[in-house]
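Reviewing the structure listed below.
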Amino acid sequence: MVLLFTGIAGGSYVALQRYGSPAHEGTCVASGLGTSHRYSTDRVANAALISATAVDRGMPPRAASIALATAYQESQLQNIDYGDRDSLGLFQQRPSQDWGTEAEIMDPVYSTNAFYDVLEAIPDYQSADIKDVAQEVQRSGHPEAYRDHETEGRLYASALTGQSGANLVCTLGAVGSTVSPEQLRSELARQFPRATESRRLTSSLSSASGSAPQLPADAGATALVIDTGGDETLGWALANWAVARAADDGVVQVSYQGRVWDRSLRGEESERWGEADGGAADRVVVLVSGR
């Protein structure tokens, strides 16, 4: 019995190392400052949208970290349709306090821009205490709680605004269906409207085999290629953004600047971006599922 148990335990350990822990499937991690934080994919997708809006508006990473800490305290980064009194959405904004209509507040792009509109009007928001800044925007009954989420706000803002390079990683199951890269391209235009319209970034559909450094077995034949005109910080913001969107948009691989995130990896290999040669290294190349 002891030998049998040892064999089962050993086999389970090897399986978890090779295939990844089931407890971590459907989660993403950002690291830095000597620590890391793991979020579920729905929270990470909302964190990516909040950060994308800051990048698109030309705001500093500090703005994204304040918004992320605030949204986590208010809704745990979920776009909920309920709250205290008439509070709604990611930031628990209230129609009765002139944040917008219920429909507008439930649109995360609208509500995030509304938050930043007020934040930008605070002269010292980049240097003041996050508790004081968030409170000036939100008027919460518990302003001290915003500081509780400052560290993870900084980690995810750093990754999703492109400050920390190849940072965000997600552990996900197989997609199991065919996805069009146009789905992610539409989301790109929705979350980065200013950058898209000004052509600060451009996107195109291209041959996956000619654009990606390697071609996973489950990838489709067409890649989404994003060109940031040599702006590497914006490139890393978009590369991490694409990983954050992987669960919703069937992304199986993201590559940029000789680094690659692969959805199929498990164990230690899944904890970091790998290295790969070839492909369009100076552009963000995203592959989606071809099954």
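By convention here, the chains of the structure tokens are called A, B, ... in the order presented, each chain's residues are numbered starting at 1, and ligands are numbered starting at 1 in the order presented.
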Which polymer residues have any atom within 9 Å of an atom of range 183-194 of chain A, counting only C-alpha atoms, with same-chain residues fewer than 2 positions away left out, as a PDB file with C-alpha atoms, in the first residue's frame?
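And here's around21.pdb as it stands now:
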ATOM      1  CA  LEU A  49      -9.137  47.018 -20.642  1.00  0.00           C
ATOM      2  CA  ILE A  50      -8.532  49.496 -17.822  1.00  0.00           C
ATOM      3  CA  ALA A  52      -5.428  49.788 -22.381  1.00  0.00           C
ATOM      4  CA  THR A  53      -7.593  52.848 -21.873  1.00  0.00           C
ATOM      5  CA  VAL A  55      -2.299  53.739 -22.681  1.00  0.00           C
ATOM      6  CA  ASP A  56      -4.712  54.843 -25.404  1.00  0.00           C
ATOM      7  CA  ARG A  57      -5.290  58.194 -23.665  1.00  0.00           C
ATOM      8  CA  VAL A 109     -14.976  51.321 -21.869  1.00  0.00           C
ATOM      9  CA  VAL A 179     -11.747  31.344 -33.715  1.00  0.00           C
ATOM     10  CA  SER A 180     -11.398  34.212 -36.195  1.00  0.00           C
ATOM     11  CA  PRO A 181      -8.531  36.665 -35.595  1.00  0.00           C
ATOM     12  CA  THR A 196      -5.957  52.984 -33.988  1.00  0.00           C
ATOM     13  CA  GLU A 197      -7.518  56.071 -35.559  1.00  0.00           C
ATOM     14  CA  SER A 198      -4.286  58.065 -35.344  1.00  0.00           C
ATOM     15  CA  ARG A 199      -2.363  55.049 -36.701  1.00  0.00           C
ATOM     16  CA  ARG A 200      -0.074  55.077 -33.704  1.00  0.00           C
ATOM     17  CA  LEU A 201      -0.688  51.366 -34.050  1.00  0.00           C
ATOM     18  CA  SER A 203      -3.054  45.883 -37.455  1.00  0.00           C
ATOM     19  CA  SER A 204      -3.317  43.462 -40.344  1.00  0.00           C
ATOM     20  CA  LEU A 205      -4.063  39.826 -41.065  1.00  0.00           C
ATOM     21  CA  LEU A 224      -3.116  39.104 -36.341  1.00  0.00           C
ATOM     22  CA  LEU A 238      -0.170  45.077 -26.612  1.00  0.00           C
ATOM     23  CA  ALA A 242      -3.235  39.881 -26.109  1.00  0.00           C
ATOM     24  CA  ARG A 245      -7.464  38.394 -23.874  1.00  0.00           C
ATOM     25  CA  ASP A 248     -12.012  35.310 -24.374  1.00  0.00           C
ATOM     26  CA  ASP A 249     -10.551  35.381 -27.893  1.00  0.00           C
ATOM     27  CA  GLY A 250      -9.011  31.929 -28.335  1.00  0.00           C
ATOM     28  CA  VAL A 251      -5.387  33.133 -28.412  1.00  0.00           C
ATOM     29  CA  VAL A 288      -5.692  32.130 -32.464  1.00  0.00           C
TER      30      VAL A 288
END
Which range 146-263 of chain A residues have any atom within 12 Å of an atom of range 134-140 of chain A, and for each, what is the nearest pair of atoms with distance in Å to one decimal, counting only C-alpha atoms, rows sorted by chain and number, as a tab-separated table?
residue	atom	partner	partner_atom	distance
A:Tyr146	CA	A:Ala134	CA	7.0
A:Arg147	CA	A:Ala134	CA	9.2
A:His149	CA	A:Ala134	CA	11.6
A:Glu150	CA	A:Ala134	CA	10.9
Can you write just those residues out, C-alpha atoms, as a PDB file, in the first residue's frame?
ATOM      1  CA  TYR A 146      -7.829  51.408  -1.733  1.00  0.00           C
ATOM      2  CA  ARG A 147      -4.270  51.147  -0.444  1.00  0.00           C
ATOM      3  CA  HIS A 149      -4.669  46.734  -3.510  1.00  0.00           C
ATOM      4  CA  GLU A 150      -1.900  49.124  -4.482  1.00  0.00           C
TER       5      GLU A 150
END
Backbone DSSP call of alpha helix (DSSP H) for range 220-269 of chain A, listed as JSON, numbers by chain
{"A": [232, 233, 234, 235, 236, 237, 238, 239, 240, 241, 242, 243, 244, 246, 247, 248, 249]}
Just to be explicit: take each residue in the selection above, keep N, CA and C atoms, and write the result as a compact mmCIF listing (two decimals), in the first residue's frame.
# COMPACT_ATOMS: atom_id res chain seq x y z
N GLU A 232 8.54 50.21 -28.52
CA GLU A 232 8.62 48.93 -27.83
C GLU A 232 7.75 48.88 -26.58
N THR A 233 7.63 49.98 -25.87
CA THR A 233 6.77 49.98 -24.68
C THR A 233 5.32 49.71 -25.07
N LEU A 234 4.85 50.36 -26.13
CA LEU A 234 3.51 50.10 -26.63
C LEU A 234 3.40 48.66 -27.13
N GLY A 235 4.47 48.17 -27.76
CA GLY A 235 4.47 46.79 -28.22
C GLY A 235 4.27 45.80 -27.09
N TRP A 236 4.99 46.00 -25.98
CA TRP A 236 4.83 45.10 -24.84
C TRP A 236 3.48 45.26 -24.17
N ALA A 237 2.95 46.48 -24.17
CA ALA A 237 1.59 46.67 -23.65
C ALA A 237 0.60 45.83 -24.44
N LEU A 238 0.74 45.83 -25.76
CA LEU A 238 -0.17 45.08 -26.61
C LEU A 238 0.08 43.58 -26.54
N ALA A 239 1.34 43.17 -26.40
CA ALA A 239 1.64 41.75 -26.28
C ALA A 239 1.02 41.16 -25.02
N ASN A 240 1.19 41.85 -23.89
CA ASN A 240 0.59 41.39 -22.64
C ASN A 240 -0.93 41.50 -22.68
N TRP A 241 -1.44 42.53 -23.35
CA TRP A 241 -2.89 42.68 -23.53
C TRP A 241 -3.46 41.48 -24.29
N ALA A 242 -2.76 41.03 -25.32
CA ALA A 242 -3.23 39.88 -26.11
C ALA A 242 -3.26 38.61 -25.27
N VAL A 243 -2.27 38.44 -24.38
CA VAL A 243 -2.28 37.28 -23.48
C VAL A 243 -3.47 37.38 -22.53
N ALA A 244 -3.71 38.58 -22.01
CA ALA A 244 -4.84 38.79 -21.11
C ALA A 244 -6.18 38.49 -21.78
N ALA A 246 -6.57 36.12 -24.01
CA ALA A 246 -6.50 34.76 -24.57
C ALA A 246 -7.72 33.91 -24.24
N ALA A 247 -8.22 33.99 -23.04
CA ALA A 247 -9.37 33.16 -22.66
C ALA A 247 -10.62 33.54 -23.44
N ASP A 248 -10.81 34.83 -23.68
CA ASP A 248 -12.01 35.31 -24.37
C ASP A 248 -11.91 35.19 -25.89
N ASP A 249 -10.71 35.30 -26.44
CA ASP A 249 -10.55 35.38 -27.89
C ASP A 249 -9.79 34.22 -28.51
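Counting only C-alpha atoms, the residue from A:Leu119, A:Ser158, A:Gly290, A:Asp132 that sits nearest to Thr178 in chain A is A:Gly290.
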Could you give me, as a PyMOL selection string, the residues within 8 Å of Asp81 in chain A, counting only C-alpha atoms and dropping anything in the same chain fewer than 5 positions from it?
chain A and resi 88-89+106
Could those selected residues go to a file with C-alpha atoms, as a PDB file, in the first residue's frame?
ATOM      1  CA  LEU A  88     -22.920  49.631 -10.911  1.00  0.00           C
ATOM      2  CA  GLY A  89     -20.037  48.305 -12.953  1.00  0.00           C
ATOM      3  CA  MET A 106     -22.243  48.989 -17.544  1.00  0.00           C
TER       4      MET A 106
END
Skipping near chain neighbours, those fewer than 3 positions away, what residues fall within 10 Å of range 274-285 of chain A using only C-alpha atoms, listed as a PDB file with C-alpha atoms, in the first residue's frame?
ATOM      1  CA  ALA A 166       7.298  39.939 -21.145  1.00  0.00           C
ATOM      2  CA  SER A 203      -3.054  45.883 -37.455  1.00  0.00           C
ATOM      3  CA  SER A 204      -3.317  43.462 -40.344  1.00  0.00           C
ATOM      4  CA  LEU A 205      -4.063  39.826 -41.065  1.00  0.00           C
ATOM      5  CA  SER A 206      -1.174  37.820 -42.443  1.00  0.00           C
ATOM      6  CA  ALA A 208       0.664  32.611 -39.632  1.00  0.00           C
ATOM      7  CA  SER A 209       3.530  30.535 -41.013  1.00  0.00           C
ATOM      8  CA  GLY A 210       5.262  33.639 -42.361  1.00  0.00           C
ATOM      9  CA  SER A 211       4.709  35.885 -39.342  1.00  0.00           C
ATOM     10  CA  ALA A 212       5.076  33.727 -36.231  1.00  0.00           C
ATOM     11  CA  PRO A 213       8.421  32.327 -35.038  1.00  0.00           C
ATOM     12  CA  GLN A 214       6.804  28.923 -34.646  1.00  0.00           C
ATOM     13  CA  ALA A 223      -2.195  35.710 -37.729  1.00  0.00           C
ATOM     14  CA  LEU A 224      -3.116  39.104 -36.341  1.00  0.00           C
ATOM     15  CA  VAL A 225      -0.039  41.312 -36.747  1.00  0.00           C
ATOM     16  CA  ILE A 226       0.135  44.557 -34.745  1.00  0.00           C
ATOM     17  CA  ASP A 227       2.669  47.218 -35.711  1.00  0.00           C
ATOM     18  CA  THR A 228       3.523  49.944 -33.179  1.00  0.00           C
ATOM     19  CA  GLY A 229       5.993  51.774 -35.401  1.00  0.00           C
ATOM     20  CA  GLY A 230       9.001  50.855 -33.292  1.00  0.00           C
ATOM     21  CA  ASP A 231       7.460  51.885 -29.950  1.00  0.00           C
ATOM     22  CA  GLU A 232       8.623  48.928 -27.825  1.00  0.00           C
ATOM     23  CA  LEU A 234       3.508  50.099 -26.629  1.00  0.00           C
ATOM     24  CA  GLY A 235       4.465  46.790 -28.224  1.00  0.00           C
ATOM     25  CA  TRP A 236       4.834  45.097 -24.842  1.00  0.00           C
ATOM     26  CA  ALA A 237       1.592  46.672 -23.648  1.00  0.00           C
ATOM     27  CA  LEU A 238      -0.170  45.077 -26.612  1.00  0.00           C
ATOM     28  CA  ALA A 239       1.639  41.747 -26.282  1.00  0.00           C
ATOM     29  CA  ASN A 240       0.586  41.387 -22.640  1.00  0.00           C
ATOM     30  CA  ALA A 242      -3.235  39.881 -26.109  1.00  0.00           C
ATOM     31  CA  GLN A 253       0.382  32.171 -29.053  1.00  0.00           C
ATOM     32  CA  VAL A 254       1.735  35.718 -28.728  1.00  0.00           C
ATOM     33  CA  SER A 255       5.236  36.670 -29.877  1.00  0.00           C
ATOM     34  CA  TYR A 256       7.224  39.907 -29.795  1.00  0.00           C
ATOM     35  CA  GLN A 257      10.901  40.887 -29.754  1.00  0.00           C
ATOM     36  CA  GLY A 258      12.147  37.292 -29.760  1.00  0.00           C
ATOM     37  CA  ARG A 259       9.904  36.249 -26.861  1.00  0.00           C
ATOM     38  CA  VAL A 260       6.858  34.002 -27.064  1.00  0.00           C
ATOM     39  CA  TRP A 261       3.909  33.057 -24.839  1.00  0.00           C
ATOM     40  CA  ASP A 262       2.457  29.629 -25.685  1.00  0.00           C
ATOM     41  CA  LEU A 265       2.837  24.973 -22.031  1.00  0.00           C
ATOM     42  CA  GLU A 269       7.717  26.373 -18.771  1.00  0.00           C
ATOM     43  CA  SER A 270       4.306  28.021 -18.446  1.00  0.00           C
ATOM     44  CA  GLU A 271       5.529  30.425 -15.766  1.00  0.00           C
TER      45      GLU A 271
END
Residues near Gly34 in chain A, cut-off 12 Å, only C-alpha atoms, skip fewer than 2 positions along chain, as a list in words
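Once the adjacent positions are removed, what remains is Ala30, Ser31, Gly32, Ser36, His37, Thr151, Glu152 and Leu155 of chain A.
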Just the selected residues (C-alpha atoms), exported as a PDB file, in the first residue's frame, please.
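Saved result, result.pdb, follows:
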ATOM      1  CA  ALA A  30       1.849  39.328 -13.127  1.00  0.00           C
ATOM      2  CA  SER A  31       5.119  39.565 -11.211  1.00  0.00           C
ATOM      3  CA  GLY A  32       7.439  42.231  -9.835  1.00  0.00           C
ATOM      4  CA  SER A  36       3.329  38.128  -7.792  1.00  0.00           C
ATOM      5  CA  HIS A  37      -0.457  38.170  -7.946  1.00  0.00           C
ATOM      6  CA  THR A 151       0.749  46.431  -4.990  1.00  0.00           C
ATOM      7  CA  GLU A 152      -1.241  44.267  -7.388  1.00  0.00           C
ATOM      8  CA  LEU A 155       2.132  44.891 -10.963  1.00  0.00           C
TER       9      LEU A 155
END
Taking the DSSP assignment computed from this structure's backbone, write out as a PyMOL selection string all residues of range 30-233 of chain A that belong to strand (DSSP E or B).
chain A and resi 30-32+35-40+88+93+169-171+178+202-207+219-227
Straight-line distance linking CA of Glu268 in chain A with CA of Gly220 in chain A, stated in Å to one decimal
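Rounded to one decimal, the two atoms are 26.0 Å apart.
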Distance in Å - CA of Asp42 in chain A versus CA of Asn113 in chain A:
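CA of Asp42 in chain A sits 19.4 Å away from CA of Asn113 in chain A.
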Which distance in Å separates CA of Lys131 in chain A and CA of Ala145 in chain A, to one decimal?
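One can read the CA of Lys131 in chain A to CA of Ala145 in chain A distance as 7.5 Å.
Minimum atom-to-atom distance to Trp273 in chain A, evaluated using only C-alpha atoms, belongs to A:Cys170 out of A:Cys170, A:Phe115, A:Ser207, A:Val175.
Nearest to Asn79 in chain A of all the residues A:Ala47, A:Ala64, A:Met59, A:Leu160 is A:Ala47, counting only C-alpha atoms.
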Skipping near chain neighbours, those fewer than 3 positions away, what residues fall within 10 Å of Ser87 in chain A using only C-alpha atoms, listed as number ranges by chain?
A: 74, 80-84, 90-97, 99, 102, 105
Write to file, as a compact mmCIF listing (two decimals), in the first residue's frame, the residues of the selection just made, with C-alpha atoms.
# COMPACT_ATOMS: atom_id res chain seq x y z
CA GLU A 74 -15.03 48.46 -5.69
CA ILE A 80 -21.30 43.71 -11.92
CA ASP A 81 -24.83 45.03 -12.36
CA TYR A 82 -25.50 45.60 -8.65
CA GLY A 83 -23.97 47.34 -5.65
CA ASP A 84 -24.65 49.70 -2.79
CA LEU A 90 -16.28 48.03 -12.55
CA PHE A 91 -15.97 51.21 -10.48
CA GLN A 92 -19.39 51.05 -8.80
CA GLN A 93 -20.38 54.39 -10.29
CA ARG A 94 -23.86 55.74 -9.56
CA PRO A 95 -26.29 57.16 -12.11
CA SER A 96 -27.73 59.33 -9.33
CA GLN A 97 -24.33 61.00 -8.94
CA TRP A 99 -21.65 59.19 -13.70
CA GLU A 102 -27.11 52.58 -16.22
CA ILE A 105 -21.87 52.68 -16.68
